[in-house]
$ cat protein-v9.cif   # mmCIF, N, CA and C atoms
data_final
#
loop_
_atom_site.label_atom_id
_atom_site.label_comp_id
_atom_site.auth_asym_id
_atom_site.auth_seq_id
_atom_site.Cartn_x
_atom_site.Cartn_y
_atom_site.Cartn_z
N GLU A 1 78.16 -52.67 -11.54
CA GLU A 1 79.41 -52.31 -10.88
C GLU A 1 79.32 -50.90 -10.30
N GLU A 2 78.96 -49.90 -11.11
CA GLU A 2 78.86 -48.52 -10.62
C GLU A 2 77.75 -48.39 -9.58
N ALA A 3 76.63 -49.05 -9.84
CA ALA A 3 75.53 -48.99 -8.88
C ALA A 3 75.94 -49.57 -7.53
N GLN A 4 76.70 -50.64 -7.56
CA GLN A 4 77.16 -51.26 -6.32
C GLN A 4 78.14 -50.34 -5.58
N LYS A 5 79.01 -49.66 -6.31
CA LYS A 5 79.93 -48.70 -5.69
C LYS A 5 79.14 -47.60 -4.98
N PHE A 6 78.08 -47.13 -5.65
CA PHE A 6 77.25 -46.08 -5.07
C PHE A 6 76.55 -46.59 -3.81
N ARG A 7 76.00 -47.81 -3.86
CA ARG A 7 75.36 -48.39 -2.68
C ARG A 7 76.37 -48.55 -1.54
N ASN A 8 77.58 -48.99 -1.85
CA ASN A 8 78.62 -49.13 -0.83
C ASN A 8 78.93 -47.78 -0.20
N PHE A 9 79.02 -46.76 -1.03
CA PHE A 9 79.28 -45.41 -0.52
C PHE A 9 78.15 -44.96 0.40
N LEU A 10 76.90 -45.15 -0.02
CA LEU A 10 75.76 -44.73 0.80
C LEU A 10 75.70 -45.50 2.11
N ASN A 11 76.15 -46.73 2.11
CA ASN A 11 76.16 -47.53 3.34
C ASN A 11 77.14 -47.01 4.37
N THR A 12 78.06 -46.13 3.98
CA THR A 12 79.01 -45.55 4.92
C THR A 12 78.45 -44.29 5.58
N MET A 13 77.27 -43.83 5.14
CA MET A 13 76.68 -42.61 5.68
C MET A 13 76.20 -42.82 7.11
N VAL A 14 76.26 -41.76 7.90
CA VAL A 14 75.84 -41.79 9.29
C VAL A 14 74.83 -40.66 9.50
N MET A 15 73.74 -40.96 10.20
CA MET A 15 72.76 -39.92 10.54
C MET A 15 73.34 -39.05 11.65
N LEU A 16 73.31 -37.75 11.46
CA LEU A 16 73.88 -36.82 12.44
C LEU A 16 72.76 -36.24 13.31
N LYS A 17 73.03 -36.11 14.60
CA LYS A 17 72.06 -35.53 15.53
C LYS A 17 72.24 -34.02 15.58
N ASN A 18 71.15 -33.35 15.86
CA ASN A 18 71.18 -31.91 16.04
C ASN A 18 71.99 -31.58 17.30
N TYR A 19 72.50 -30.37 17.40
CA TYR A 19 73.21 -29.92 18.60
C TYR A 19 72.72 -28.53 18.95
N THR A 20 72.95 -28.09 20.16
CA THR A 20 72.28 -26.90 20.69
C THR A 20 72.58 -25.59 19.97
N THR A 21 73.76 -25.42 19.42
CA THR A 21 74.11 -24.13 18.78
C THR A 21 74.07 -24.20 17.26
N VAL A 22 73.37 -25.19 16.71
CA VAL A 22 73.37 -25.37 15.26
C VAL A 22 72.87 -24.12 14.54
N PHE A 23 71.84 -23.46 15.07
CA PHE A 23 71.28 -22.31 14.37
C PHE A 23 72.18 -21.08 14.47
N GLU A 24 72.89 -20.95 15.57
CA GLU A 24 73.88 -19.87 15.68
C GLU A 24 75.01 -20.09 14.68
N ASP A 25 75.48 -21.32 14.60
CA ASP A 25 76.53 -21.66 13.63
C ASP A 25 76.02 -21.45 12.21
N ALA A 26 74.78 -21.86 11.96
CA ALA A 26 74.20 -21.72 10.62
C ALA A 26 74.09 -20.25 10.21
N LEU A 27 73.73 -19.40 11.14
CA LEU A 27 73.64 -17.96 10.84
C LEU A 27 75.00 -17.42 10.40
N ARG A 28 76.04 -17.77 11.14
CA ARG A 28 77.39 -17.33 10.78
C ARG A 28 77.79 -17.87 9.41
N ILE A 29 77.50 -19.15 9.17
CA ILE A 29 77.85 -19.79 7.89
C ILE A 29 77.04 -19.19 6.76
N ALA A 30 75.76 -18.91 7.00
CA ALA A 30 74.92 -18.30 5.96
C ALA A 30 75.51 -16.96 5.52
N GLN A 31 75.99 -16.20 6.48
CA GLN A 31 76.58 -14.90 6.16
C GLN A 31 77.92 -15.06 5.44
N THR A 32 78.74 -15.98 5.92
CA THR A 32 80.08 -16.18 5.35
C THR A 32 80.02 -16.79 3.96
N GLU A 33 79.14 -17.78 3.77
CA GLU A 33 79.08 -18.54 2.52
C GLU A 33 77.98 -18.06 1.57
N CYS A 34 77.21 -17.05 2.01
CA CYS A 34 76.07 -16.53 1.21
C CYS A 34 75.08 -17.65 0.87
N LEU A 35 74.64 -18.36 1.91
CA LEU A 35 73.71 -19.47 1.74
C LEU A 35 72.35 -19.14 2.34
N LYS A 36 71.32 -19.84 1.88
CA LYS A 36 70.00 -19.76 2.49
C LYS A 36 70.05 -20.49 3.83
N ALA A 37 69.07 -20.22 4.68
CA ALA A 37 69.07 -20.73 6.05
C ALA A 37 69.20 -22.25 6.14
N LEU A 38 68.36 -23.00 5.44
CA LEU A 38 68.42 -24.46 5.55
C LEU A 38 69.70 -25.02 4.95
N ASP A 39 70.19 -24.41 3.89
CA ASP A 39 71.47 -24.84 3.33
C ASP A 39 72.59 -24.64 4.36
N ALA A 40 72.53 -23.51 5.07
CA ALA A 40 73.54 -23.23 6.08
C ALA A 40 73.45 -24.21 7.26
N VAL A 41 72.25 -24.67 7.59
CA VAL A 41 72.09 -25.67 8.65
C VAL A 41 72.79 -26.96 8.24
N HIS A 42 72.61 -27.37 6.98
CA HIS A 42 73.29 -28.58 6.50
C HIS A 42 74.80 -28.44 6.62
N VAL A 43 75.32 -27.31 6.22
CA VAL A 43 76.77 -27.08 6.29
C VAL A 43 77.23 -27.03 7.74
N ALA A 44 76.43 -26.39 8.61
CA ALA A 44 76.79 -26.31 10.03
C ALA A 44 76.89 -27.71 10.65
N LEU A 45 75.95 -28.57 10.32
CA LEU A 45 75.99 -29.95 10.83
C LEU A 45 77.22 -30.68 10.32
N ALA A 46 77.48 -30.55 9.04
CA ALA A 46 78.66 -31.21 8.46
C ALA A 46 79.94 -30.71 9.10
N ASN A 47 80.01 -29.41 9.32
CA ASN A 47 81.20 -28.82 9.94
C ASN A 47 81.34 -29.27 11.40
N HIS A 48 80.26 -29.23 12.13
CA HIS A 48 80.28 -29.62 13.55
C HIS A 48 80.76 -31.06 13.74
N TYR A 49 80.30 -31.94 12.85
CA TYR A 49 80.65 -33.36 12.97
C TYR A 49 81.90 -33.73 12.17
N HIS A 50 82.62 -32.73 11.67
CA HIS A 50 83.89 -32.94 10.97
C HIS A 50 83.75 -33.92 9.79
N CYS A 51 82.69 -33.72 9.00
CA CYS A 51 82.49 -34.57 7.83
C CYS A 51 83.65 -34.38 6.86
N ASP A 52 84.15 -35.47 6.33
CA ASP A 52 85.27 -35.41 5.40
C ASP A 52 84.88 -34.83 4.05
N LEU A 53 83.63 -34.99 3.69
CA LEU A 53 83.19 -34.60 2.35
C LEU A 53 81.74 -34.18 2.39
N PHE A 54 81.39 -33.11 1.70
CA PHE A 54 80.02 -32.62 1.62
C PHE A 54 79.59 -32.81 0.17
N VAL A 55 78.76 -33.81 -0.08
CA VAL A 55 78.37 -34.17 -1.45
C VAL A 55 77.05 -33.50 -1.79
N SER A 56 77.00 -32.82 -2.93
CA SER A 56 75.79 -32.14 -3.36
C SER A 56 75.79 -31.93 -4.87
N SER A 57 74.59 -31.81 -5.43
CA SER A 57 74.46 -31.43 -6.83
C SER A 57 74.01 -29.97 -6.93
N ASP A 58 73.85 -29.30 -5.80
CA ASP A 58 73.43 -27.90 -5.75
C ASP A 58 74.63 -27.00 -6.02
N PRO A 59 74.55 -26.18 -7.06
CA PRO A 59 75.69 -25.31 -7.38
C PRO A 59 76.04 -24.31 -6.27
N HIS A 60 75.11 -24.03 -5.35
CA HIS A 60 75.42 -23.11 -4.25
C HIS A 60 76.51 -23.67 -3.34
N PHE A 61 76.66 -24.98 -3.34
CA PHE A 61 77.65 -25.62 -2.48
C PHE A 61 78.99 -25.86 -3.18
N ARG A 62 79.07 -25.50 -4.41
CA ARG A 62 80.25 -25.84 -5.22
C ARG A 62 81.56 -25.24 -4.68
N HIS A 63 81.49 -24.06 -4.11
CA HIS A 63 82.72 -23.37 -3.69
C HIS A 63 82.74 -23.10 -2.19
N LEU A 64 82.22 -24.02 -1.39
CA LEU A 64 82.22 -23.85 0.06
C LEU A 64 83.64 -23.76 0.60
N THR A 65 83.80 -22.99 1.66
CA THR A 65 85.08 -22.93 2.35
C THR A 65 84.98 -23.51 3.76
N THR A 66 83.76 -23.58 4.30
CA THR A 66 83.57 -24.10 5.65
C THR A 66 83.81 -25.60 5.72
N VAL A 67 83.36 -26.33 4.71
CA VAL A 67 83.57 -27.77 4.60
C VAL A 67 84.06 -28.07 3.19
N THR A 68 84.62 -29.26 3.00
CA THR A 68 85.11 -29.65 1.68
C THR A 68 83.95 -30.14 0.82
N PRO A 69 83.63 -29.41 -0.26
CA PRO A 69 82.51 -29.85 -1.10
C PRO A 69 82.94 -30.83 -2.18
N TYR A 70 82.03 -31.72 -2.50
CA TYR A 70 82.17 -32.55 -3.71
C TYR A 70 80.91 -32.30 -4.49
N TRP A 71 81.02 -31.55 -5.56
CA TRP A 71 79.87 -31.16 -6.34
C TRP A 71 79.64 -32.16 -7.45
N ILE A 72 78.42 -32.67 -7.55
CA ILE A 72 78.04 -33.61 -8.60
C ILE A 72 77.34 -32.83 -9.70
N ASP A 73 77.93 -32.83 -10.88
CA ASP A 73 77.38 -32.13 -12.03
C ASP A 73 76.34 -33.02 -12.70
N LEU A 74 75.07 -32.65 -12.60
CA LEU A 74 74.00 -33.44 -13.19
C LEU A 74 73.64 -32.98 -14.60
N SER A 75 74.49 -32.16 -15.18
CA SER A 75 74.22 -31.65 -16.52
C SER A 75 74.53 -32.67 -17.61
N GLY A 76 75.08 -33.81 -17.22
CA GLY A 76 75.39 -34.84 -18.20
C GLY A 76 76.86 -34.94 -18.52
N HIS A 77 77.67 -34.05 -17.97
CA HIS A 77 79.11 -34.08 -18.19
C HIS A 77 79.75 -35.01 -17.17
N ALA A 78 80.63 -35.87 -17.61
CA ALA A 78 81.33 -36.77 -16.70
C ALA A 78 82.37 -35.97 -15.91
N PRO A 79 82.59 -36.30 -14.63
CA PRO A 79 83.60 -35.58 -13.86
C PRO A 79 85.00 -35.93 -14.35
N SER A 80 85.90 -34.99 -14.19
CA SER A 80 87.28 -35.27 -14.54
C SER A 80 87.88 -36.16 -13.46
N ALA A 81 89.03 -36.70 -13.70
CA ALA A 81 89.68 -37.58 -12.73
C ALA A 81 89.92 -36.86 -11.41
N ALA A 82 90.20 -35.57 -11.46
CA ALA A 82 90.44 -34.81 -10.23
C ALA A 82 89.17 -34.64 -9.42
N GLU A 83 88.00 -34.76 -10.06
CA GLU A 83 86.73 -34.55 -9.38
C GLU A 83 86.09 -35.85 -8.92
N GLU A 84 86.70 -36.98 -9.21
CA GLU A 84 86.06 -38.24 -8.86
C GLU A 84 85.92 -38.38 -7.36
N ILE A 85 84.82 -39.00 -6.96
CA ILE A 85 84.53 -39.17 -5.54
C ILE A 85 85.52 -40.17 -4.93
N PRO A 86 85.96 -39.90 -3.72
CA PRO A 86 86.90 -40.81 -3.08
C PRO A 86 86.29 -42.21 -2.88
N ASP A 87 87.13 -43.20 -2.86
CA ASP A 87 86.69 -44.57 -2.65
C ASP A 87 86.19 -44.71 -1.22
N ALA A 88 84.97 -45.22 -1.06
CA ALA A 88 84.37 -45.34 0.27
C ALA A 88 84.68 -46.67 0.93
N THR A 89 85.50 -47.48 0.31
CA THR A 89 85.79 -48.79 0.90
C THR A 89 86.94 -48.73 1.87
#
$ encode --input "protein-v9.cif" --output "structure tokens"
Amino acid sequence: EEAQKFRNFLNTMVMLKNYTTVFEDALRIAQTECLKALDAVHVALANHYHCDLFVSSDPHFRHLTTVTPYWIDLSGHAPSAAEEIPDAT
């Protein structure tokens, strides 16, 4: 059941294309969010394409302000109800 929910969620993912000012945007985001260059590129792409949710297990993304983060805690602690991932159906 949970595995199927995860597969359903992943099936809603869309591959995003690069755009001409991605690195300029990433530089601004890197400075604003205190991120490394490649991390900032990921956030710039998500922001440019108006992604509803930025899912990551990287703690650097936990408190993003540029995009809405959904942080997955891989430490073994279950998320609280407020942290549960939105239904992708």
$ select_by_dssp --input "protein-v9.cif" --residues "segment 43-81 of chain A" --states "strand (DSSP E)" --output "PyMOL selection string"
chain A and resi 54-56+69-71
$ resolve_selection --input "protein-v9.cif" --expression "the PyMOL selection byres (((chain A and resi 38 and name CA) around 12) and name CA)" --output "PyMOL selection string"
chain A and resi 22-23+25-27+29-30+34-37+39-45
$ select_by_dssp --input "protein-v9.cif" --residues "chain A" --states "alpha helix (DSSP H)" --output "PyMOL selection string"
chain A and resi 2-10+22-33+37-48
$ resolve_selection --input "protein-v9.cif" --expression "the PyMOL selection byres (((chain A and resi 15 and name CA) around 12) and name CA)" --output "list in words"
Leu10, Asn11, Thr12, Met13, Val14, Leu16, Lys17, Asn18, Leu45, Ala46, Tyr49 and Cys51 of chain A
$ atom_distance --input "protein-v9.cif" --atom1 "atom C of Gly76 of chain A" --atom2 "atom C of Gln4 of chain A"
20.2 Å
$ resolve_selection --input "protein-v9.cif" --expression "the PyMOL selection byres ((chain A and resi 70) around 8)" --output "list of chain:residue names"
A:Asp52, A:Leu53, A:Phe54, A:Val55, A:Ser56, A:Ser57, A:Asp58, A:Phe61, A:Arg62, A:His63, A:Leu64, A:Val67, A:Thr68, A:Pro69, A:Trp71, A:Ile72, A:Asp73, A:Glu83, A:Glu84, A:Ile85
$ atom_distance --input "protein-v9.cif" --atom1 "atom C of His50 of chain A" --atom2 "atom CA of Thr21 of chain A"
16.4 Å
$ atom_distance --input "protein-v9.cif" --atom1 "atom CA of Tyr19 of chain A" --atom2 "atom N of Thr66 of chain A"
18.9 Å
$ axis_aligned_box --input "protein-v9.cif" --around "segment 37-43 of chain A" --padding-each-side "4 Å" --output "lines of an AutoDock Vina configuration file"
center_x = 72.8
center_y = -24.4
center_z = 6.0
size_x = 16.9
size_y = 16.4
size_z = 13.3
$ build_atoms --input "protein-v9.cif" --residues "segment 2-16 of chain A" --atoms "N, CA, C and O atoms" --output "CSV table (one decimal), in the coordinates of the input"
chain,number,residue,atom,x,y,z
A,2,GLU,N,79.0,-49.9,-11.1
A,2,GLU,CA,78.9,-48.5,-10.6
A,2,GLU,C,77.8,-48.4,-9.6
A,2,GLU,O,77.9,-47.7,-8.6
A,3,ALA,N,76.6,-49.0,-9.8
A,3,ALA,CA,75.5,-49.0,-8.9
A,3,ALA,C,75.9,-49.6,-7.5
A,3,ALA,O,75.6,-49.0,-6.5
A,4,GLN,N,76.7,-50.6,-7.6
A,4,GLN,CA,77.2,-51.3,-6.3
A,4,GLN,C,78.1,-50.3,-5.6
A,4,GLN,O,78.1,-50.2,-4.4
A,5,LYS,N,79.0,-49.7,-6.3
A,5,LYS,CA,79.9,-48.7,-5.7
A,5,LYS,C,79.1,-47.6,-5.0
A,5,LYS,O,79.5,-47.2,-3.9
A,6,PHE,N,78.1,-47.1,-5.6
A,6,PHE,CA,77.2,-46.1,-5.1
A,6,PHE,C,76.6,-46.6,-3.8
A,6,PHE,O,76.5,-45.9,-2.8
A,7,ARG,N,76.0,-47.8,-3.9
A,7,ARG,CA,75.4,-48.4,-2.7
A,7,ARG,C,76.4,-48.6,-1.5
A,7,ARG,O,76.1,-48.3,-0.4
A,8,ASN,N,77.6,-49.0,-1.8
A,8,ASN,CA,78.6,-49.1,-0.8
A,8,ASN,C,78.9,-47.8,-0.2
A,8,ASN,O,79.1,-47.7,1.0
A,9,PHE,N,79.0,-46.8,-1.0
A,9,PHE,CA,79.3,-45.4,-0.5
A,9,PHE,C,78.2,-45.0,0.4
A,9,PHE,O,78.4,-44.5,1.5
A,10,LEU,N,76.9,-45.2,0.0
A,10,LEU,CA,75.8,-44.7,0.8
A,10,LEU,C,75.7,-45.5,2.1
A,10,LEU,O,75.3,-45.0,3.1
A,11,ASN,N,76.2,-46.7,2.1
A,11,ASN,CA,76.2,-47.5,3.3
A,11,ASN,C,77.1,-47.0,4.4
A,11,ASN,O,77.1,-47.4,5.5
A,12,THR,N,78.1,-46.1,4.0
A,12,THR,CA,79.0,-45.6,4.9
A,12,THR,C,78.4,-44.3,5.6
A,12,THR,O,79.1,-43.7,6.5
A,13,MET,N,77.3,-43.8,5.1
A,13,MET,CA,76.7,-42.6,5.7
A,13,MET,C,76.2,-42.8,7.1
A,13,MET,O,75.8,-43.9,7.5
A,14,VAL,N,76.3,-41.8,7.9
A,14,VAL,CA,75.8,-41.8,9.3
A,14,VAL,C,74.8,-40.7,9.5
A,14,VAL,O,75.0,-39.5,9.0
A,15,MET,N,73.7,-41.0,10.2
A,15,MET,CA,72.8,-39.9,10.5
A,15,MET,C,73.3,-39.0,11.6
A,15,MET,O,73.8,-39.6,12.7
A,16,LEU,N,73.3,-37.8,11.5
A,16,LEU,CA,73.9,-36.8,12.4
A,16,LEU,C,72.8,-36.2,13.3
A,16,LEU,O,71.7,-35.9,12.8
